[in-house]
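Visitor: My questions will all concern the structure given below.
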Amino acid sequence: MRRRAAGGAGRPAVATRVWVLLATALVSLLAVPALATPASAAPDPGSSAAPTSAGDRPVRVVVDTFEPRTLVLGGTVAVSGTLVNDSDDTITDLSVRLQRGDRLSTRAELAADVAAPSTGSAVQAPFLPVDGVLDPGDDLRFTYTATTDELGLTADGVYPVLLNVNGSRDGLVERIGELSTHLLVQPAVPTSRTTVAWLWPLTDRPHRDASGAFTDDELADDVSAGGRLDRALDVLEELPDGGVAVPVTLVVDPALVEELRAMAGGYTVDGVAGSGTAAATDWLDRLRALAAVHPVAALPYADVDADALQAAGLADVLTRSLPGTAEGTAAQPTDADGDPAVTPAPGAPPRTEPAGDTGAGARILADTLDVEPATDLAWPTGGTVRADTLATLRAGGADRVVLAAGAYSDPGAALGSTGGTAAARVPLETADGETTTLVADGTLSAVVASAATAAAGPRVVEQRYLAELGVLTSQLAAVDPAVAQTVLVVPPREVDADPSWATPMIADTVTQPWLAAASVEDLAEGPEADAGELVEPTGDRQLALAGMAEIAGSVAVRDDVATAVVSDPATVLAGYDAAIARASSSGWLGDPEGFATAATDLDRTVAALRGQVTLLAPADGAYSLASSDAPLVLTVRNDLPFAVSAQLALSSRGGLGFSSDPVPATVLEPGSRTTITVPTQVRQSGSFTVAAMLSTPSGGPLGEPVQLRVTSTAYGPITLAITIGAAALLGLLFLRRLVLFVLRRRRGEPTAADEDVLVPVDAEMPDGDPAPRPRDAGPPTRSRV
């Protein structure tokens, strides 16, 4: 092994080696306690479940082999991995060893050890050298073995161990790296067993807008080789015997499968052909094969945030997303060409055939995966649930609910953290009766979540996972080995797993003789524990209130339009229900900007429903009525692909001179124009400004109000009365003149008619007198000769 000179320039190399060897021997003999000094305390288990190398050491330890996972007395443990030099110094004289602490008998003791790792001062195995020199930024492989005798192991149980790495910088031997983990010692023939069930989520945020069009092609990356969802299936496919002995419960979002089914049939993103058609087809085929082996449970459509919907007063939206009730109608329909649409094509068959009391989400999974999924299992976002949300879930067919430990007032007994046995089943008394809840082990879930990013490597995380189960099994053996003990492991919703570590963790339940595998359904029938009562959620793990308020406005529009739908609203509005569910997806919890965009897009899409039923008016908006009771004939256009019932109402400005009778609701056929005759009454002739408005039966507007100019040439009652009065007056005046004329004639008085008789000018009367001149004859004129 090359060694760096520790002395000044010109010193003999032999002398340097002697001094280094003497120093190493002296430290090894006299300074063992100092070398065993632990690194800074490990992270709080609530924030990071994975033990890591100490941050103040120059060398980082990454472990990839720790075998066997469970020791038996007389056996040998082998640890191998990589030493990484994160400092600017060159390190020589490398050596490693294991040193252990005292046995951990309870889960509480293990939690304390994780918070403040043991110094490993109980027993130290010998140092073994590591060949090579660690230059800055370089790494070296190492392997270390030790027997149970060298580690002083004489009894079964879980033991804290410290992997101690020594090295020399500038001639001084010191601890340059360390790693805390745990050893498990179990008898060859176990006296007790812990039963473990795994729930495996297959979910993702929505990738389609409210109309059903794809907004991005990221899902193609997720299901392609190496993608997150691709690896999620890899984990299950690599289980021993194809997973037959390990019944992992798959919880699947129907909206995800629906999106992948659309991708498999060919799709576009912003007008460009999507890249994931082949990958989506392959992924669905693989999931179908896994569904034939493992239990499948359907999540609500789009995995909606149940508590957020309930808190916003949108319990009906939650119900429409549930897979366990016929009221669960949310699903994306297609148009006549098979492309996504918010409403089904007229006459198009449903995407899925009705199947008893199950919802559309369950039928999507059944049609695609060729299995009948469980519809009675709920898994609320965040692991907590409001009492009213639980009531809605129960009414929608959910009889079993998976919750986190924080959902209960006293979860210790269910988790075995009080020193007794663990039982995942926790019955709860509710207003609707007893509900079976299953408590997810939060510590184990955090361990799984941390594996992908653990600085010390996922193998050390698996060892922590086994240590948690090991202390539980030790507790069981101390209480009553014959008692059944159950644990539920629930990874995060968007689990980012790799088969290199996740598959062995799941497989441990069948490869380790002191563990047993079970399904979530098995746990629901297993032993039970008292975990107190439900704790009201704080609401900090819900979708933002502003976005939920916008969604509530969209739901109000949807519900109003539903009152106008002539056929089944749940069928024709299923696409809008799907859009509402996607906007309410718990997948937006980590993406507030995406949630705000989805809520706004939903508002715009649903509001457009009203604008597809409109009044058609003449270009100049003018109508002419020929009589006082002539009807007003209006045309209504329905651009919706389904029939609706609309109410038409007219009103004039000021309400003077014009009125109309109420018009019964009119059925407007899909894609049609319909004329509506409105009886009117005109009380005077002239022009009137009339507002026409369409509405739903519940009073919501359809289309925009239309201003009409109505002109009447007919006599209204007032005009007619004036006309008749004038005629009567003229008649009376004529009669008076006639009477006067008759009376004058009788009295022999000249009349106006007599005075107006024409005679020749200057003519003589029979008696020789000149003839009287007419009144208007003017002055006499002189004749000219």
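Naming works like this for the structure tokens: A, B, ... for the chains as they're shown, residue 1 at the start of each chain, ligands 1 onward in shown order.
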I'd like the neighbourhood of range 136-138 of chain A as a ChimeraX atom specification, where a residue qualifies if any of its atoms comes within 9 Å (using only C-alpha atoms), though same-chain residues fewer than 3 positions away should be ignored.
Guide: /A:83-91,133
Visitor: Write out as a tab-separated table a residue-level contact list of range 497-593 of chain A versus range 62-73 of chain A with cut-off 10 Å: for each qualifying residue the closest pair of atoms and the distance in Å to one decimal, counting only C-alpha atoms, rows sorted by chain and residue number upward.
Guide:
```
residue	atom	partner	partner_atom	distance
A:Trp501	CA	A:Asp64	CA	9.9
A:Asp508	CA	A:Arg69	CA	8.9
A:Thr511	CA	A:Arg69	CA	9.8
A:Gln512	CA	A:Thr70	CA	7.6
A:Pro513	CA	A:Thr70	CA	9.5
A:Trp514	CA	A:Thr70	CA	9.6
```
Visitor: I want to know what sits within 9 Å of Pro492 in chain A, based on only C-alpha atoms, with residues of the same chain fewer than 3 positions away left out; could you give that as a list in words?
Guide: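 In the requested format, the answer is Trp200, Pro201, Ser445, Ala446, Val448, Ala449, Val495 and Asp496 of chain A.
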Visitor: Name all residues at most 10 Å from Gly361 in chain A (count only C-alpha atoms; drop same-chain ones fewer than 4 positions away) and give them as a PyMOL selection string.
Guide: chain A and resi 252-255+257-258+298-302+320-325+328-331+352+365-366+373+375
Visitor: Using Å and a single decimal, report how far CA of Val296 in chain A sits from CA of Ala197 in chain A.
Guide: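 Computed distance, CA of Ala197 in chain A to CA of Val296 in chain A, equals 13.6 Å.
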Visitor: Just want the 10 Å neighbourhood of Ile506 in chain A, counted on only C-alpha atoms, with same-chain residues fewer than 2 positions away dropped. Output as a count of residues only.
Guide: 23
Visitor: Need the shell around Gly152 in chain A: protein/DNA/RNA residues with any atom at most 12 Å away, counting only C-alpha atoms. Skip same-chain ones fewer than 6 positions apart. Format as a ChimeraX atom specification?
Guide: /A:73-76,98-103,120-126,146,159,161,185
Visitor: Filtering to all heavy atoms, could you give me those residues as a short mmCIF file (atom, residue, chain, number, x, y, z; two decimals), in the first residue's frame?
Guide:
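Ended up saving to selection-v1.cif:
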```cif
data_model
loop_
_atom_site.label_atom_id
_atom_site.label_comp_id
_atom_site.auth_asym_id
_atom_site.auth_seq_id
_atom_site.Cartn_x
_atom_site.Cartn_y
_atom_site.Cartn_z
N LEU A 73 -27.07 -17.23 15.33
CA LEU A 73 -25.88 -17.36 16.18
C LEU A 73 -24.90 -18.35 15.55
O LEU A 73 -25.28 -19.43 15.09
CB LEU A 73 -26.28 -17.80 17.58
CG LEU A 73 -27.13 -16.79 18.36
CD1 LEU A 73 -27.50 -17.34 19.73
CD2 LEU A 73 -26.40 -15.46 18.49
N GLY A 74 -23.62 -17.95 15.53
CA GLY A 74 -22.58 -18.76 14.90
C GLY A 74 -22.34 -18.38 13.46
O GLY A 74 -21.43 -18.91 12.82
N GLY A 75 -23.13 -17.44 12.93
CA GLY A 75 -22.98 -17.03 11.55
C GLY A 75 -22.01 -15.88 11.38
O GLY A 75 -21.40 -15.38 12.33
N THR A 76 -21.85 -15.46 10.14
CA THR A 76 -20.92 -14.38 9.79
C THR A 76 -21.67 -13.33 8.99
O THR A 76 -22.43 -13.66 8.06
CB THR A 76 -19.75 -14.92 8.96
OG1 THR A 76 -19.05 -15.91 9.72
CG2 THR A 76 -18.79 -13.80 8.56
N LEU A 98 -16.61 -3.26 12.54
CA LEU A 98 -17.94 -3.13 13.12
C LEU A 98 -17.82 -3.12 14.63
O LEU A 98 -17.02 -3.86 15.21
CB LEU A 98 -18.84 -4.30 12.70
CG LEU A 98 -19.46 -4.26 11.29
CD1 LEU A 98 -20.25 -5.53 11.04
CD2 LEU A 98 -20.35 -3.03 11.11
N GLN A 99 -18.63 -2.29 15.26
CA GLN A 99 -18.74 -2.29 16.72
C GLN A 99 -20.20 -2.09 17.07
O GLN A 99 -20.91 -1.32 16.42
CB GLN A 99 -17.86 -1.18 17.31
CG GLN A 99 -17.99 0.18 16.68
CD GLN A 99 -16.84 1.10 17.02
OE1 GLN A 99 -15.69 0.89 16.57
NE2 GLN A 99 -17.12 2.13 17.83
N ARG A 100 -20.65 -2.84 18.06
CA ARG A 100 -22.08 -2.85 18.34
C ARG A 100 -22.40 -2.28 19.71
O ARG A 100 -21.56 -2.19 20.60
CB ARG A 100 -22.64 -4.27 18.24
CG ARG A 100 -22.24 -5.19 19.39
CD ARG A 100 -23.15 -6.41 19.44
NE ARG A 100 -22.77 -7.33 20.53
CZ ARG A 100 -23.18 -7.21 21.78
NH1 ARG A 100 -23.96 -6.20 22.14
NH2 ARG A 100 -22.81 -8.11 22.70
N GLY A 101 -23.70 -1.94 19.82
CA GLY A 101 -24.21 -1.48 21.10
C GLY A 101 -25.07 -2.55 21.74
O GLY A 101 -25.10 -3.71 21.30
N ASP A 102 -25.81 -2.18 22.78
CA ASP A 102 -26.63 -3.13 23.52
C ASP A 102 -27.93 -3.45 22.76
O ASP A 102 -28.42 -2.67 21.95
CB ASP A 102 -26.99 -2.57 24.90
CG ASP A 102 -25.75 -2.42 25.77
OD1 ASP A 102 -24.84 -3.26 25.65
OD2 ASP A 102 -25.68 -1.45 26.56
N ARG A 103 -28.48 -4.60 23.07
CA ARG A 103 -29.68 -5.10 22.40
C ARG A 103 -30.85 -4.12 22.59
O ARG A 103 -31.04 -3.56 23.67
CB ARG A 103 -30.04 -6.46 22.97
CG ARG A 103 -31.27 -7.13 22.37
CD ARG A 103 -31.45 -8.50 22.99
NE ARG A 103 -32.56 -9.23 22.41
CZ ARG A 103 -33.82 -9.17 22.85
NH1 ARG A 103 -34.10 -8.40 23.91
NH2 ARG A 103 -34.76 -9.88 22.27
N GLY A 120 -21.67 2.15 19.82
CA GLY A 120 -21.13 0.83 19.53
C GLY A 120 -20.03 0.43 20.49
O GLY A 120 -19.10 -0.28 20.12
N SER A 121 -20.14 0.89 21.71
CA SER A 121 -19.06 0.65 22.67
C SER A 121 -19.17 -0.68 23.39
O SER A 121 -18.28 -1.04 24.15
CB SER A 121 -19.03 1.78 23.70
OG SER A 121 -20.29 1.88 24.37
N ALA A 122 -20.27 -1.42 23.19
CA ALA A 122 -20.43 -2.69 23.91
C ALA A 122 -19.39 -3.71 23.47
O ALA A 122 -18.70 -4.32 24.28
CB ALA A 122 -21.84 -3.24 23.71
N VAL A 123 -19.24 -3.90 22.18
CA VAL A 123 -18.26 -4.87 21.63
C VAL A 123 -17.72 -4.30 20.33
O VAL A 123 -18.48 -3.80 19.50
CB VAL A 123 -18.90 -6.25 21.39
CG1 VAL A 123 -17.88 -7.20 20.77
CG2 VAL A 123 -19.49 -6.82 22.66
N GLN A 124 -16.36 -4.42 20.15
CA GLN A 124 -15.74 -3.97 18.90
C GLN A 124 -15.06 -5.17 18.24
O GLN A 124 -14.25 -5.83 18.86
CB GLN A 124 -14.70 -2.88 19.13
CG GLN A 124 -15.24 -1.58 19.69
CD GLN A 124 -15.38 -1.63 21.22
OE1 GLN A 124 -14.58 -2.28 21.90
NE2 GLN A 124 -16.39 -0.95 21.74
N ALA A 125 -15.41 -5.43 17.01
CA ALA A 125 -14.72 -6.45 16.23
C ALA A 125 -13.40 -5.87 15.73
O ALA A 125 -13.19 -4.65 15.76
CB ALA A 125 -15.60 -6.90 15.07
N PRO A 126 -12.49 -6.70 15.26
CA PRO A 126 -11.17 -6.19 14.83
C PRO A 126 -11.26 -5.31 13.57
O PRO A 126 -12.15 -5.46 12.74
CB PRO A 126 -10.38 -7.47 14.53
CG PRO A 126 -11.15 -8.58 15.15
CD PRO A 126 -12.57 -8.17 15.17
N ALA A 146 -17.41 -10.25 9.85
CA ALA A 146 -17.24 -10.49 11.28
C ALA A 146 -18.21 -11.58 11.69
O ALA A 146 -19.34 -11.66 11.18
CB ALA A 146 -17.48 -9.22 12.08
N TYR A 159 -29.68 -5.28 17.20
CA TYR A 159 -28.52 -4.62 17.83
C TYR A 159 -28.07 -3.43 16.97
O TYR A 159 -27.97 -3.55 15.74
CB TYR A 159 -27.36 -5.60 17.96
CG TYR A 159 -27.63 -6.77 18.88
CD1 TYR A 159 -28.27 -7.91 18.41
CD2 TYR A 159 -27.23 -6.72 20.22
CE1 TYR A 159 -28.51 -8.99 19.25
CE2 TYR A 159 -27.48 -7.80 21.07
CZ TYR A 159 -28.12 -8.92 20.58
OH TYR A 159 -28.36 -9.99 21.41
N VAL A 161 -25.31 -1.17 15.34
CA VAL A 161 -23.91 -1.34 14.99
C VAL A 161 -23.40 -0.07 14.32
O VAL A 161 -24.16 0.68 13.69
CB VAL A 161 -23.68 -2.54 14.07
CG1 VAL A 161 -23.97 -3.84 14.78
CG2 VAL A 161 -24.50 -2.43 12.80
N VAL A 185 -30.59 -10.64 14.74
CA VAL A 185 -30.28 -12.03 15.08
C VAL A 185 -31.60 -12.71 15.41
O VAL A 185 -32.35 -12.26 16.29
CB VAL A 185 -29.32 -12.13 16.27
CG1 VAL A 185 -29.02 -13.59 16.59
CG2 VAL A 185 -28.04 -11.36 15.99
#
```
Visitor: Contacts of range 539-553 of chain A at 9 Å or less, counting only C-alpha atoms, minus same-chain residues fewer than 2 places along, as an NGL selection string?
Guide: :A and (305-309 or 312-314 or 381-382 or 536-537 or 555-558 or 580 or 583-586 or 588-589 or 592 or 595-600 or 602-603)
Visitor: May I ask for the distance between CA of Glu704 in chain A and CA of Gln647 in chain A, given in Å to one decimal place?
Guide: 13.4 Å
Visitor: Which residues in range 480-702 of chain A does DSSP call helix (DSSP H, G or I)? List them as a ChimeraX atom specification.
Guide: /A:502-511,520-524,545-562,569-572,574-583,586-588,592-607,610-612,653-655
Visitor: Give me a file of those residues, with C-alpha atoms, as a tab-separated table (two decimals), in the first residue's frame.
Guide:
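Everything below was put into selection.tsv:
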```tsv
chain	number	residue	atom	x	y	z
A	502	ALA	CA	-37.98	-2.14	-3.19
A	503	THR	CA	-38.31	-5.70	-4.45
A	504	PRO	CA	-36.09	-7.16	-1.67
A	505	MET	CA	-38.03	-5.19	0.95
A	506	ILE	CA	-41.33	-6.64	-0.20
A	507	ALA	CA	-39.79	-10.08	-0.69
A	508	ASP	CA	-38.46	-10.05	2.88
A	509	THR	CA	-41.99	-10.91	4.00
A	510	VAL	CA	-41.55	-14.38	2.46
A	511	THR	CA	-37.77	-14.85	2.47
A	520	VAL	CA	-54.72	-5.62	2.84
A	521	GLU	CA	-57.96	-7.57	2.80
A	522	ASP	CA	-56.39	-10.16	5.11
A	523	LEU	CA	-55.45	-7.44	7.59
A	524	ALA	CA	-59.04	-6.18	7.62
A	545	LEU	CA	-58.92	27.30	-0.76
A	546	ALA	CA	-58.83	29.76	-3.67
A	547	GLY	CA	-58.71	26.97	-6.22
A	548	MET	CA	-61.41	25.01	-4.42
A	549	ALA	CA	-63.65	28.10	-4.44
A	550	GLU	CA	-63.21	28.34	-8.21
A	551	ILE	CA	-64.04	24.66	-8.56
A	552	ALA	CA	-67.15	25.17	-6.41
A	553	GLY	CA	-68.30	27.86	-8.85
A	554	SER	CA	-67.86	25.45	-11.76
A	555	VAL	CA	-69.80	22.76	-9.92
A	556	ALA	CA	-72.66	25.23	-9.34
A	557	VAL	CA	-72.86	25.82	-13.11
A	558	ARG	CA	-72.75	22.10	-13.80
A	559	ASP	CA	-75.54	21.40	-11.30
A	560	ASP	CA	-77.68	24.21	-12.72
A	561	VAL	CA	-77.32	22.92	-16.28
A	562	ALA	CA	-78.12	19.42	-15.01
A	569	PRO	CA	-77.71	14.22	-16.42
A	570	ALA	CA	-75.18	11.81	-14.92
A	571	THR	CA	-74.64	10.23	-18.32
A	572	VAL	CA	-74.46	13.29	-20.54
A	574	ALA	CA	-70.00	12.50	-17.12
A	575	GLY	CA	-67.20	14.24	-19.01
A	576	TYR	CA	-67.70	17.41	-17.01
A	577	ASP	CA	-67.75	15.32	-13.82
A	578	ALA	CA	-64.45	13.79	-14.92
A	579	ALA	CA	-63.03	17.26	-15.57
A	580	ILE	CA	-64.11	18.43	-12.11
A	581	ALA	CA	-62.51	15.36	-10.53
A	582	ARG	CA	-59.24	15.90	-12.41
A	583	ALA	CA	-59.12	19.51	-11.24
A	586	SER	CA	-54.70	15.10	-4.88
A	587	GLY	CA	-51.92	14.91	-7.48
A	588	TRP	CA	-51.93	18.73	-7.50
A	592	PRO	CA	-49.99	24.68	-6.58
A	593	GLU	CA	-49.41	26.46	-9.88
A	594	GLY	CA	-50.67	23.47	-11.82
A	595	PHE	CA	-53.72	23.29	-9.54
A	596	ALA	CA	-54.56	26.95	-10.14
A	597	THR	CA	-54.26	26.42	-13.90
A	598	ALA	CA	-56.49	23.34	-13.79
A	599	ALA	CA	-59.16	25.17	-11.75
A	600	THR	CA	-59.21	28.12	-14.16
A	601	ASP	CA	-59.39	25.84	-17.20
A	602	LEU	CA	-62.29	23.97	-15.60
A	603	ASP	CA	-64.13	27.23	-14.92
A	604	ARG	CA	-63.76	28.31	-18.54
A	605	THR	CA	-64.86	24.94	-19.93
A	606	VAL	CA	-67.91	24.48	-17.70
A	607	ALA	CA	-69.04	28.10	-18.17
A	610	ARG	CA	-74.37	28.06	-20.90
A	611	GLY	CA	-73.21	29.72	-24.11
A	612	GLN	CA	-74.17	26.76	-26.30
A	653	ARG	CA	-88.23	48.57	-20.26
A	654	GLY	CA	-90.50	50.23	-17.74
A	655	GLY	CA	-93.17	47.60	-18.35
```
Visitor: May I ask which of the residues A:Val471, A:Leu260, A:Leu153, A:Leu94 is the closest one to Gly132 in chain A, counting only C-alpha atoms?
Guide: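 So, comparing all the options, the nearest one is A:Leu94.
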